[in-house]
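Coordinates as given in upload.tsv (TSV, C-alpha atoms):
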```
chain	number	residue	atom	x	y	z
P	11	MET	CA	-22.99	46.35	-7.29
P	12	LYS	CA	-24.26	42.83	-7.76
P	13	LYS	CA	-21.01	41.93	-9.45
P	14	ALA	CA	-18.97	43.42	-6.66
P	15	CYS	CA	-20.95	41.42	-4.09
P	16	LEU	CA	-20.33	38.25	-6.04
P	17	MET	CA	-16.64	38.99	-6.23
P	18	LEU	CA	-16.50	39.58	-2.50
P	19	ALA	CA	-18.34	36.35	-1.84
P	20	LEU	CA	-15.94	34.44	-4.07
P	21	LEU	CA	-12.83	35.98	-2.55
P	22	PRO	CA	-12.49	33.54	0.37
P	23	LEU	CA	-12.92	30.60	-2.04
P	24	LEU	CA	-10.08	31.94	-4.15
P	25	SER	CA	-7.74	32.31	-1.20
P	26	VAL	CA	-8.53	28.75	-0.05
P	27	SER	CA	-7.61	27.32	-3.43
P	28	LEU	CA	-4.44	29.39	-3.52
P	29	GLN	CA	-3.37	28.26	-0.07
P	30	ALA	CA	-3.85	24.57	-0.73
P	31	GLN	CA	-1.04	24.23	-3.22
P	32	LYS	CA	0.04	20.89	-1.90
P	33	TYR	CA	-2.07	17.79	-1.55
P	34	PHE	CA	-1.23	14.52	0.12
P	35	THR	CA	-2.64	11.19	1.18
P	36	ARG	CA	-1.52	8.37	3.41
P	37	ASP	CA	-4.21	5.91	2.36
P	38	GLY	CA	-3.99	5.67	-1.39
P	39	HIS	CA	-5.00	2.45	-3.12
P	40	VAL	CA	-2.43	0.70	-5.31
P	41	SER	CA	-3.17	-2.72	-6.76
P	42	PHE	CA	-1.71	-4.94	-9.41
P	43	PHE	CA	-3.02	-7.66	-11.68
P	44	SER	CA	-1.14	-10.45	-13.36
P	45	ASP	CA	-3.33	-12.16	-15.89
P	46	THR	CA	-2.33	-15.39	-17.63
P	47	PRO	CA	-4.41	-18.27	-18.95
P	48	MET	CA	-3.01	-20.35	-16.06
P	49	GLU	CA	-3.77	-17.99	-13.23
P	50	LYS	CA	-5.06	-14.57	-12.27
P	51	ILE	CA	-3.19	-12.92	-9.43
P	52	GLU	CA	-4.05	-9.65	-7.76
P	53	ALA	CA	-2.89	-7.83	-4.68
P	54	HIS	CA	-4.01	-4.65	-2.96
P	55	ASN	CA	-2.31	-2.01	-0.87
P	56	HIS	CA	-4.45	0.64	0.84
P	57	LYS	CA	-1.64	2.52	2.55
P	58	ALA	CA	0.16	4.20	-0.32
P	59	SER	CA	1.40	7.69	0.42
P	60	SER	CA	1.48	10.43	-2.18
P	61	VAL	CA	2.22	14.14	-2.39
P	62	LEU	CA	1.06	16.37	-5.22
P	63	ASP	CA	2.55	19.86	-5.46
P	64	VAL	CA	0.38	22.05	-7.67
P	65	ALA	CA	2.93	24.85	-7.94
P	66	THR	CA	5.66	22.64	-9.40
P	67	SER	CA	3.41	19.85	-10.85
P	68	ARG	CA	5.56	17.35	-9.01
P	69	ILE	CA	3.95	14.14	-7.87
P	70	GLU	CA	5.38	11.42	-5.66
P	71	PHE	CA	4.21	8.03	-4.50
P	72	ALA	CA	5.52	5.42	-2.13
P	73	VAL	CA	4.22	1.99	-1.14
P	74	LEU	CA	5.47	-0.59	1.30
P	75	ILE	CA	5.83	-3.94	-0.44
P	76	GLN	CA	4.81	-5.94	2.58
P	77	ALA	CA	1.53	-4.08	2.84
P	78	PHE	CA	0.26	-5.77	-0.37
P	79	GLN	CA	-2.42	-8.26	0.53
P	80	PHE	CA	-2.99	-11.30	-1.71
P	81	GLU	CA	-5.84	-13.75	-1.66
P	82	LYS	CA	-3.45	-16.68	-1.30
P	83	ALA	CA	-0.93	-16.71	1.53
P	84	LEU	CA	1.58	-18.72	-0.48
P	85	MET	CA	1.63	-16.15	-3.28
P	86	GLN	CA	2.15	-13.35	-0.80
P	87	GLU	CA	5.07	-15.29	0.67
P	88	HIS	CA	6.68	-15.91	-2.72
P	89	PHE	CA	6.08	-12.30	-3.76
P	90	ASN	CA	7.87	-10.96	-0.68
P	91	GLU	CA	10.60	-13.52	-0.28
P	92	ASN	CA	11.50	-14.61	-3.81
P	93	TYR	CA	10.44	-11.92	-6.24
P	94	MET	CA	10.44	-8.55	-4.52
P	95	GLU	CA	12.87	-9.42	-1.68
P	96	SER	CA	10.94	-7.01	0.49
P	97	ASP	CA	13.30	-7.33	3.44
P	98	LYS	CA	16.03	-5.84	1.23
P	99	TYR	CA	13.80	-3.48	-0.77
P	100	PRO	CA	10.86	-2.62	1.50
P	101	LYS	CA	9.50	0.21	-0.68
P	102	ALA	CA	8.54	0.99	-4.23
P	103	THR	CA	8.54	4.68	-5.15
P	104	PHE	CA	7.63	6.99	-7.98
P	105	LYS	CA	8.96	10.53	-8.32
P	106	GLY	CA	7.84	12.52	-11.29
P	107	GLN	CA	6.00	15.34	-12.87
P	108	ILE	CA	2.80	16.12	-14.71
P	109	VAL	CA	4.08	16.52	-18.28
P	110	ASP	CA	1.34	18.91	-19.35
P	111	PRO	CA	0.40	20.86	-16.19
P	112	SER	CA	-1.53	23.46	-18.18
P	113	ALA	CA	-4.10	20.73	-18.91
P	114	VAL	CA	-5.27	20.83	-15.28
P	115	ASN	CA	-7.15	23.67	-13.64
P	116	PHE	CA	-7.08	22.88	-9.92
P	117	SER	CA	-9.50	25.66	-9.07
P	118	ARG	CA	-12.19	24.41	-11.44
P	119	SER	CA	-14.20	21.21	-11.14
P	120	GLY	CA	-13.55	18.76	-13.91
P	121	SER	CA	-11.82	15.63	-15.04
P	122	TYR	CA	-8.43	16.20	-16.62
P	123	ASN	CA	-6.41	13.70	-18.66
P	124	VAL	CA	-2.67	14.10	-18.19
P	125	GLN	CA	0.60	12.27	-18.72
P	126	VAL	CA	2.85	11.69	-15.74
P	127	LYS	CA	6.52	11.06	-16.29
P	128	GLY	CA	9.20	10.13	-13.80
P	129	GLN	CA	11.39	7.61	-12.06
P	130	LEU	CA	9.78	4.39	-10.89
P	131	THR	CA	11.83	2.36	-8.42
P	132	ILE	CA	10.87	-1.26	-7.76
P	133	HIS	CA	13.11	-3.98	-6.33
P	134	GLY	CA	16.00	-1.49	-6.14
P	135	VAL	CA	15.87	-0.82	-9.91
P	136	THR	CA	14.96	2.64	-11.20
P	137	LYS	CA	13.41	3.14	-14.64
P	138	GLU	CA	11.89	6.11	-16.37
P	139	VAL	CA	8.20	5.61	-17.05
P	140	THR	CA	5.38	7.64	-18.53
P	141	ALA	CA	1.82	6.83	-17.59
P	142	PRO	CA	-1.56	8.31	-18.40
P	143	ALA	CA	-3.50	9.62	-15.42
P	144	VAL	CA	-6.83	11.28	-14.75
P	145	ILE	CA	-6.94	14.08	-12.21
P	146	LYS	CA	-10.39	14.91	-10.91
P	147	VAL	CA	-11.24	18.15	-9.19
P	148	GLN	CA	-14.64	18.36	-7.58
P	149	GLY	CA	-15.70	20.99	-5.08
P	150	GLY	CA	-12.12	21.58	-4.03
P	151	GLN	CA	-11.46	17.84	-3.61
P	152	VAL	CA	-8.66	16.42	-5.74
P	153	SER	CA	-8.39	12.77	-6.70
P	154	ALA	CA	-6.28	10.89	-9.23
P	155	THR	CA	-6.31	7.54	-10.99
P	156	SER	CA	-3.82	5.85	-13.26
P	157	THR	CA	-3.38	2.49	-14.94
P	158	PHE	CA	-0.12	1.39	-16.52
P	159	ASN	CA	1.90	-1.74	-17.23
P	160	VAL	CA	5.21	-2.75	-15.78
P	161	ALA	CA	7.44	-5.43	-17.32
P	162	VAL	CA	8.60	-7.75	-14.56
P	163	ALA	CA	11.96	-8.35	-16.27
P	164	ASP	CA	12.76	-4.61	-16.36
P	165	TYR	CA	13.09	-4.59	-12.59
P	166	ASN	CA	15.45	-7.51	-12.29
P	167	ILE	CA	12.74	-9.76	-10.88
P	168	SER	CA	13.43	-13.34	-11.85
P	169	VAL	CA	10.57	-15.79	-12.07
P	170	PRO	CA	11.49	-19.51	-11.86
P	171	ALA	CA	10.78	-21.56	-14.99
P	172	LEU	CA	8.29	-23.72	-13.09
P	173	VAL	CA	5.83	-20.85	-12.61
P	174	ARG	CA	6.78	-18.76	-15.64
P	175	ASP	CA	3.44	-19.43	-17.28
P	176	ASN	CA	1.55	-18.46	-14.15
P	177	ILE	CA	2.96	-14.97	-13.85
P	178	ALA	CA	2.39	-12.36	-16.54
P	179	ARG	CA	5.39	-10.71	-18.16
P	180	ASN	CA	3.58	-7.40	-17.96
P	181	VAL	CA	1.79	-6.66	-14.74
P	182	ARG	CA	-0.98	-4.06	-14.69
P	183	ILE	CA	-0.78	-1.46	-11.94
P	184	ASP	CA	-3.83	0.53	-10.83
P	185	VAL	CA	-3.53	3.62	-8.68
P	186	ALA	CA	-6.46	5.45	-7.06
P	187	ILE	CA	-5.84	8.37	-4.73
P	188	SER	CA	-8.09	10.81	-2.88
P	189	TYR	CA	-5.97	13.74	-1.86
P	190	GLN	CA	-6.30	16.01	1.15
P	191	PRO	CA	-4.98	19.55	1.23
P	192	MET	CA	-1.75	19.84	3.15
P	193	ASN	CA	-1.70	22.52	5.84
P	194	ASN	CA	1.61	24.26	5.82
V	17	MET	CA	2.79	-52.86	-11.39
V	18	LYS	CA	4.97	-53.09	-8.34
V	19	TYR	CA	6.38	-49.63	-9.05
V	20	LEU	CA	2.92	-48.25	-9.51
V	21	LYS	CA	1.99	-49.47	-6.04
V	22	ILE	CA	4.75	-47.34	-4.59
V	23	LEU	CA	4.56	-44.45	-7.00
V	24	LEU	CA	0.85	-43.84	-6.91
V	25	PRO	CA	0.57	-43.17	-3.16
V	26	LEU	CA	3.66	-40.97	-3.37
V	27	LEU	CA	2.11	-38.99	-6.19
V	28	LEU	CA	-1.12	-38.65	-4.26
V	29	ILE	CA	0.70	-37.45	-1.16
V	30	GLY	CA	2.82	-35.07	-3.22
V	31	GLY	CA	-0.28	-33.69	-4.93
V	32	GLY	CA	-2.04	-33.37	-1.61
V	33	VAL	CA	0.84	-31.45	-0.07
V	34	ALA	CA	1.08	-29.16	-3.10
V	35	TYR	CA	-2.66	-28.54	-2.98
V	36	TYR	CA	-2.53	-27.77	0.73
V	37	LEU	CA	0.41	-25.38	0.32
V	38	TYR	CA	-1.28	-23.62	-2.60
V	39	ASN	CA	-4.37	-23.03	-0.51
V	40	LYS	CA	-2.78	-22.58	2.88
V	41	PRO	CA	-4.53	-19.86	4.83
V	42	HIS	CA	-3.05	-16.53	5.86
V	43	GLN	CA	-1.58	-16.36	9.31
V	44	ASN	CA	-4.32	-16.03	11.92
V	45	MET	CA	-3.43	-12.80	13.66
V	46	GLU	CA	-5.61	-13.49	16.70
V	47	GLN	CA	-3.66	-16.66	17.44
V	48	ALA	CA	-0.27	-15.37	16.35
V	49	ASN	CA	2.37	-14.94	19.04
V	50	ALA	CA	3.84	-11.47	19.08
V	51	ASP	CA	7.56	-11.47	18.26
V	52	LEU	CA	7.96	-8.36	20.36
V	53	SER	CA	6.06	-5.66	22.26
V	54	ILE	CA	6.73	-1.95	21.98
V	55	ALA	CA	5.13	1.44	22.67
V	56	ALA	CA	4.01	3.32	19.53
V	57	ASP	CA	6.26	6.32	20.22
V	58	GLN	CA	9.29	4.05	20.68
V	59	LEU	CA	8.54	2.23	17.44
V	60	PHE	CA	8.25	5.55	15.60
V	61	LYS	CA	11.50	6.77	17.19
V	62	ALA	CA	13.32	3.62	16.07
V	63	PHE	CA	12.19	4.14	12.46
V	64	SER	CA	12.85	7.89	12.32
V	65	GLU	CA	16.32	7.58	13.86
V	66	ASP	CA	17.62	4.64	11.82
V	67	GLU	CA	15.25	3.24	9.23
V	68	ASN	CA	17.56	0.43	8.09
V	69	ALA	CA	18.14	-0.84	11.60
V	70	ALA	CA	14.42	-0.61	12.34
V	71	ASN	CA	13.61	-2.51	9.14
V	72	THR	CA	15.92	-5.31	10.24
V	73	ALA	CA	14.40	-5.34	13.70
V	74	TYR	CA	10.69	-5.04	12.90
V	75	LEU	CA	9.91	-5.76	9.25
V	76	ASN	CA	7.56	-8.67	8.66
V	77	LYS	CA	7.38	-9.35	12.40
V	78	VAL	CA	4.26	-9.69	14.50
V	79	VAL	CA	4.55	-6.57	16.65
V	80	GLN	CA	2.39	-5.83	19.66
V	81	VAL	CA	2.09	-2.06	19.80
V	82	SER	CA	0.49	0.09	22.50
V	83	GLY	CA	-0.40	3.73	22.28
V	84	LYS	CA	-2.93	6.54	22.37
V	85	VAL	CA	-5.36	6.98	19.47
V	86	ARG	CA	-4.87	10.25	17.58
V	87	SER	CA	-7.55	9.61	14.98
V	88	SER	CA	-9.25	6.82	13.11
V	89	SER	CA	-10.92	6.42	9.74
V	90	LEU	CA	-12.92	3.90	7.79
V	91	ASP	CA	-12.08	3.18	4.15
V	92	GLU	CA	-14.50	2.37	1.33
V	93	ASN	CA	-14.22	-1.36	2.11
V	94	GLY	CA	-15.14	-0.87	5.76
V	95	ILE	CA	-11.60	-1.46	7.03
V	96	SER	CA	-10.63	0.93	9.79
V	97	SER	CA	-7.23	2.48	10.26
V	98	VAL	CA	-6.11	3.87	13.57
V	99	MET	CA	-3.40	6.50	13.86
V	100	LEU	CA	-1.49	6.25	17.12
V	101	GLU	CA	0.39	9.14	18.75
V	102	SER	CA	4.09	9.00	18.01
V	103	GLY	CA	5.51	12.05	19.76
V	104	ASP	CA	5.74	13.70	16.33
V	105	GLU	CA	3.17	16.22	15.18
V	106	MET	CA	3.20	15.40	11.46
V	107	SER	CA	3.64	11.65	11.46
V	108	GLY	CA	2.34	8.76	13.47
V	109	VAL	CA	1.97	5.03	13.66
V	110	ILE	CA	-0.81	3.79	11.38
V	111	CYS	CA	-2.52	0.55	12.26
V	112	GLN	CA	-4.70	-0.85	9.48
V	113	MET	CA	-7.10	-3.36	10.99
V	114	ASP	CA	-7.10	-6.93	9.70
V	115	GLU	CA	-9.36	-7.26	6.65
V	116	LEU	CA	-9.49	-11.04	7.12
V	117	ASN	CA	-11.09	-10.74	10.53
V	118	ASP	CA	-14.75	-9.76	10.56
V	119	ASN	CA	-15.43	-9.42	14.24
V	120	GLN	CA	-13.39	-6.31	14.86
V	121	ARG	CA	-14.22	-3.03	16.49
V	122	LYS	CA	-14.61	-0.25	13.93
V	123	GLU	CA	-14.93	2.79	16.16
V	124	PHE	CA	-12.04	4.22	18.08
V	125	SER	CA	-12.08	7.52	19.90
V	126	ALA	CA	-9.23	10.00	20.10
V	127	GLY	CA	-7.28	9.80	23.33
V	128	GLU	CA	-8.18	6.17	23.99
V	129	ASP	CA	-5.38	3.76	24.99
V	130	VAL	CA	-5.20	0.69	22.75
V	131	THR	CA	-2.99	-2.33	22.13
V	132	PHE	CA	-2.82	-4.03	18.74
V	133	LYS	CA	-1.04	-7.06	17.36
V	134	CYS	CA	0.02	-6.30	13.76
V	135	MET	CA	2.43	-7.09	10.95
V	136	CYS	CA	5.02	-4.34	10.61
V	137	THR	CA	5.58	-3.30	6.98
V	138	GLY	CA	7.95	-0.33	7.35
V	139	MET	CA	7.83	3.46	7.19
V	140	LEU	CA	6.62	5.97	4.60
V	141	MET	CA	5.38	9.25	6.15
V	142	ASP	CA	4.32	7.12	9.10
V	143	VAL	CA	5.17	3.70	10.41
V	144	VAL	CA	2.64	1.41	8.72
V	145	LEU	CA	1.31	-1.70	10.43
V	146	VAL	CA	-1.24	-3.93	8.73
V	147	ARG	CA	-3.51	-6.85	9.67
V	148	CYS	CA	-3.97	-5.45	13.17
V	149	VAL	CA	-6.15	-7.15	15.78
V	150	GLU	CA	-6.96	-5.59	19.10
V	151	VAL	CA	-5.40	-7.15	22.19
V	152	LYS	CA	-7.61	-6.76	25.25
```

What is this structure when it is put down as structure tokens?
Amino acid sequence: MKKACLMLALLPLLSVSLQAQKYFTRDGHVSFFSDTPMEKIEAHNHKASSVLDVATSRIEFAVLIQAFQFEKALMQEHFNENYMESDKYPKATFKGQIVDPSAVNFSRSGSYNVQVKGQLTIHGVTKEVTAPAVIKVQGGQVSATSTFNVAVADYNISVPALVRDNIARNVRIDVAISYQPMNN
Amino acid sequence: MKYLKILLPLLLIGGGVAYYLYNKPHQNMEQANADLSIAADQLFKAFSEDENAANTAYLNKVVQVSGKVRSSSLDENGISSVMLESGDEMSGVICQMDELNDNQRKEFSAGEDVTFKCMCTGMLMDVVLVRCVEVK
């Protein structure tokens, strides 16, 4: 009897977790760091959008290039006008998949290490990337973090010789997302 | 010696200009002149109908946008974001308040009419405007 009561009490919880098969955010945090002996450069974007579909393990991100905020105005200007050409390529996107979806149990609290693989498009150039990510489930809340490196040259971004030593060849990207369930 | 007399001041001026440019401040949004004024629902319509044309028209421009608050939120750094009604149920016009301006209102109530001056960055799920300051 006790068991049956417990089951009944847990039933609504189960249906909630089954309904919320898609998660999204519109205020994800994406930042990048370029670290050289000459200069450290970082920029932050707090308006990344992302959708995570539990049923298919698909995960997508998009950021607007002009929403990256730098400490120095001049760097922000160069970043938009010279390197990223954000008037021509206003977005960077990632469309991919959790490689090992069985590693995550979305209905159980925990911290799950996964690999995410997919197409990363920056500056109009699309490359396949694989990045490690941590998906955290806590009390029905889902969040995700990832850190990976991107080679500037891979995305057809040319850096003038004059500042070549100031900008790292590999830029570190940090992603931190708190998801909300999507109501269908 | 004669050359030095000419060169040295030039070098100093050049260095000074470079130093100023390197440290030049971000655009002051309170003092910025709006390139154009538009209602939030019209801005959203422009982006959802023809994103490329809207990018050409609004990207990286100081846009003065007016609309009704749908919701607002505060992020972990204390920066508020205000979602304006767009005429679309799912998507809206997001205005992220200027992080470089400390004396800004943080609380906005749903249904309130507001006008912001912002930088337009484009559209994802919503039209995203950043560095917003309230215009009273």

Produce a table with one row for each residue of chain V that has an atom at most 6 Å from any atom of chain P, each row naming the nearest atom pair and its distance in Å at one decimal; use all atoms listed in the file; arrange rows by chain and rising residue number; format as a tab-separated table.
```
residue	atom	partner	partner_atom	distance
V:Pro41	CA	P:Ala83	CA	5.8
V:His42	CA	P:Ala83	CA	4.8
V:Thr137	CA	P:Gln76	CA	5.2
```

Just-selected residues, C-alpha atoms written as a PDB file, keeping the file's coordinate frame:
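The result, stored in again-v7.pdb:
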```pdb
ATOM      1  CA  PRO V  41      -4.530 -19.860   4.830  1.00  0.00           C
ATOM      2  CA  HIS V  42      -3.050 -16.530   5.860  1.00  0.00           C
ATOM      3  CA  THR V 137       5.580  -3.300   6.980  1.00  0.00           C
TER       4      THR V 137
END
```

Which neighbours of P:Asp110 fall inside 10 Å, counting only C-alpha atoms, when residues of the same chain fewer than 2 positions from it are skipped, and could you give them as a CSV table (one decimal) with C-alpha atoms, keeping the file's coordinate frame?
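Listed below is the output, result_28.csv:
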```csv
chain,number,residue,atom,x,y,z
P,67,SER,CA,3.4,19.8,-10.8
P,107,GLN,CA,6.0,15.3,-12.9
P,108,ILE,CA,2.8,16.1,-14.7
P,112,SER,CA,-1.5,23.5,-18.2
P,113,ALA,CA,-4.1,20.7,-18.9
P,114,VAL,CA,-5.3,20.8,-15.3
P,123,ASN,CA,-6.4,13.7,-18.7
P,124,VAL,CA,-2.7,14.1,-18.2
P,125,GLN,CA,0.6,12.3,-18.7
P,126,VAL,CA,2.8,11.7,-15.7
P,127,LYS,CA,6.5,11.1,-16.3
```

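The protein and nucleic acid residues lying at most 10 Å from V:Asn49 are Asn44, Val78, Val79, Gln80 and Lys133 of chain V, with only C-alpha atoms considered and sequence neighbours fewer than 5 positions away removed.
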
Report task. Name the residues in contact with stretch 175-177 of chain P at a cut-off of 10 Å, using only C-alpha atoms, excluding same-chain residues fewer than 2 positions from it; report them as an MDAnalysis selection string. Result -> chainID P and resid 43:51 162 169:173 179:181

Query raised in the report: How far is it from atom CA of P:Met94 to atom CA of V:Ser53, in Å with one decimal?
Result: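 We find that atom CA of P:Met94 and atom CA of V:Ser53 lie 27.3 Å from each other.
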
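In this structure, atom CA of P:Gly134 sits 17.9 Å away from atom CA of P:Asn159.
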
Report summary line: Here atom CA of P:Phe42 and atom CA of P:Ile167 stand apart by 15.3 Å

Query raised in the report: With only C-alpha atoms as the basis for distance, which of V:Ser64, V:Ile29, V:Ala56, V:Glu128 is at the shortest distance from V:Ser87?
Result: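 Checking each candidate against V:Ser87, we get V:Glu128 as the closest.
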
Query raised in the report: Please, which residues are within 7 Å of (-10.7, 18.7, -13.3) by the file's coordinates, counting only C-alpha atoms, and could they come as a list in words?
Result: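 Collected hits near the coordinates: Val114, Asn115, Phe116, Arg118, Ser119, Gly120, Ser121, Tyr122, Ile145, Lys146, Val147 and Gln148 of chain P.
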
Would you fill out stretch 54-79 of chain V with N, CA and C atoms and return it as a PDB file, in the coordinates of the input?
```pdb
ATOM      1  N   ILE V  54       6.074  -3.258  21.939  1.00  0.00           N
ATOM      2  CA  ILE V  54       6.730  -1.950  21.980  1.00  0.00           C
ATOM      3  C   ILE V  54       5.673  -0.853  22.054  1.00  0.00           C
ATOM      4  N   ALA V  55       6.025   0.281  22.651  1.00  0.00           N
ATOM      5  CA  ALA V  55       5.130   1.440  22.670  1.00  0.00           C
ATOM      6  C   ALA V  55       5.206   2.132  21.316  1.00  0.00           C
ATOM      7  N   ALA V  56       4.073   2.705  20.868  1.00  0.00           N
ATOM      8  CA  ALA V  56       4.010   3.320  19.530  1.00  0.00           C
ATOM      9  C   ALA V  56       5.075   4.398  19.358  1.00  0.00           C
ATOM     10  N   ASP V  57       5.283   5.235  20.383  1.00  0.00           N
ATOM     11  CA  ASP V  57       6.260   6.320  20.220  1.00  0.00           C
ATOM     12  C   ASP V  57       7.693   5.775  20.100  1.00  0.00           C
ATOM     13  N   GLN V  58       7.955   4.660  20.776  1.00  0.00           N
ATOM     14  CA  GLN V  58       9.290   4.050  20.680  1.00  0.00           C
ATOM     15  C   GLN V  58       9.514   3.441  19.294  1.00  0.00           C
ATOM     16  N   LEU V  59       8.458   2.827  18.770  1.00  0.00           N
ATOM     17  CA  LEU V  59       8.540   2.230  17.440  1.00  0.00           C
ATOM     18  C   LEU V  59       8.801   3.333  16.406  1.00  0.00           C
ATOM     19  N   PHE V  60       8.067   4.432  16.532  1.00  0.00           N
ATOM     20  CA  PHE V  60       8.250   5.550  15.600  1.00  0.00           C
ATOM     21  C   PHE V  60       9.672   6.109  15.712  1.00  0.00           C
ATOM     22  N   LYS V  61      10.161   6.238  16.944  1.00  0.00           N
ATOM     23  CA  LYS V  61      11.500   6.770  17.190  1.00  0.00           C
ATOM     24  C   LYS V  61      12.543   5.870  16.517  1.00  0.00           C
ATOM     25  N   ALA V  62      12.367   4.562  16.664  1.00  0.00           N
ATOM     26  CA  ALA V  62      13.320   3.620  16.070  1.00  0.00           C
ATOM     27  C   ALA V  62      13.389   3.821  14.563  1.00  0.00           C
ATOM     28  N   PHE V  63      12.214   3.980  13.916  1.00  0.00           N
ATOM     29  CA  PHE V  63      12.190   4.140  12.460  1.00  0.00           C
ATOM     30  C   PHE V  63      12.726   5.510  12.035  1.00  0.00           C
ATOM     31  N   SER V  64      12.404   6.574  12.774  1.00  0.00           N
ATOM     32  CA  SER V  64      12.850   7.890  12.320  1.00  0.00           C
ATOM     33  C   SER V  64      14.332   8.099  12.596  1.00  0.00           C
ATOM     34  N   GLU V  65      14.885   7.403  13.581  1.00  0.00           N
ATOM     35  CA  GLU V  65      16.320   7.580  13.860  1.00  0.00           C
ATOM     36  C   GLU V  65      17.195   6.752  12.928  1.00  0.00           C
ATOM     37  N   ASP V  66      16.802   5.500  12.690  1.00  0.00           N
ATOM     38  CA  ASP V  66      17.620   4.640  11.820  1.00  0.00           C
ATOM     39  C   ASP V  66      16.701   3.644  11.131  1.00  0.00           C
ATOM     40  N   GLU V  67      16.255   4.035   9.921  1.00  0.00           N
ATOM     41  CA  GLU V  67      15.250   3.240   9.230  1.00  0.00           C
ATOM     42  C   GLU V  67      15.769   1.844   8.892  1.00  0.00           C
ATOM     43  N   ASN V  68      17.015   1.748   8.461  1.00  0.00           N
ATOM     44  CA  ASN V  68      17.560   0.430   8.090  1.00  0.00           C
ATOM     45  C   ASN V  68      17.601  -0.526   9.278  1.00  0.00           C
ATOM     46  N   ALA V  69      18.071   0.001  10.409  1.00  0.00           N
ATOM     47  CA  ALA V  69      18.140  -0.840  11.600  1.00  0.00           C
ATOM     48  C   ALA V  69      16.741  -1.248  12.031  1.00  0.00           C
ATOM     49  N   ALA V  70      15.789  -0.311  11.938  1.00  0.00           N
ATOM     50  CA  ALA V  70      14.420  -0.610  12.340  1.00  0.00           C
ATOM     51  C   ALA V  70      13.794  -1.637  11.391  1.00  0.00           C
ATOM     52  N   ASN V  71      14.112  -1.517  10.086  1.00  0.00           N
ATOM     53  CA  ASN V  71      13.610  -2.510   9.140  1.00  0.00           C
ATOM     54  C   ASN V  71      14.091  -3.908   9.520  1.00  0.00           C
ATOM     55  N   THR V  72      15.373  -4.010   9.847  1.00  0.00           N
ATOM     56  CA  THR V  72      15.920  -5.310  10.240  1.00  0.00           C
ATOM     57  C   THR V  72      15.229  -5.824  11.506  1.00  0.00           C
ATOM     58  N   ALA V  73      14.961  -4.920  12.412  1.00  0.00           N
ATOM     59  CA  ALA V  73      14.400  -5.340  13.700  1.00  0.00           C
ATOM     60  C   ALA V  73      12.902  -5.667  13.628  1.00  0.00           C
ATOM     61  N   TYR V  74      12.154  -4.930  12.805  1.00  0.00           N
ATOM     62  CA  TYR V  74      10.690  -5.040  12.900  1.00  0.00           C
ATOM     63  C   TYR V  74       9.962  -5.524  11.653  1.00  0.00           C
ATOM     64  N   LEU V  75      10.612  -5.438  10.486  1.00  0.00           N
ATOM     65  CA  LEU V  75       9.910  -5.760   9.250  1.00  0.00           C
ATOM     66  C   LEU V  75       9.405  -7.194   9.227  1.00  0.00           C
ATOM     67  N   ASN V  76       8.150  -7.351   8.786  1.00  0.00           N
ATOM     68  CA  ASN V  76       7.560  -8.670   8.660  1.00  0.00           C
ATOM     69  C   ASN V  76       7.527  -9.437   9.975  1.00  0.00           C
ATOM     70  N   LYS V  77       7.508  -8.717  11.096  1.00  0.00           N
ATOM     71  CA  LYS V  77       7.380  -9.350  12.400  1.00  0.00           C
ATOM     72  C   LYS V  77       5.987  -9.055  12.948  1.00  0.00           C
ATOM     73  N   VAL V  78       5.512  -9.966  13.797  1.00  0.00           N
ATOM     74  CA  VAL V  78       4.260  -9.690  14.500  1.00  0.00           C
ATOM     75  C   VAL V  78       4.618  -8.806  15.696  1.00  0.00           C
ATOM     76  N   VAL V  79       4.173  -7.546  15.632  1.00  0.00           N
ATOM     77  CA  VAL V  79       4.550  -6.570  16.650  1.00  0.00           C
ATOM     78  C   VAL V  79       3.322  -6.206  17.474  1.00  0.00           C
TER      79      VAL V  79
END
```
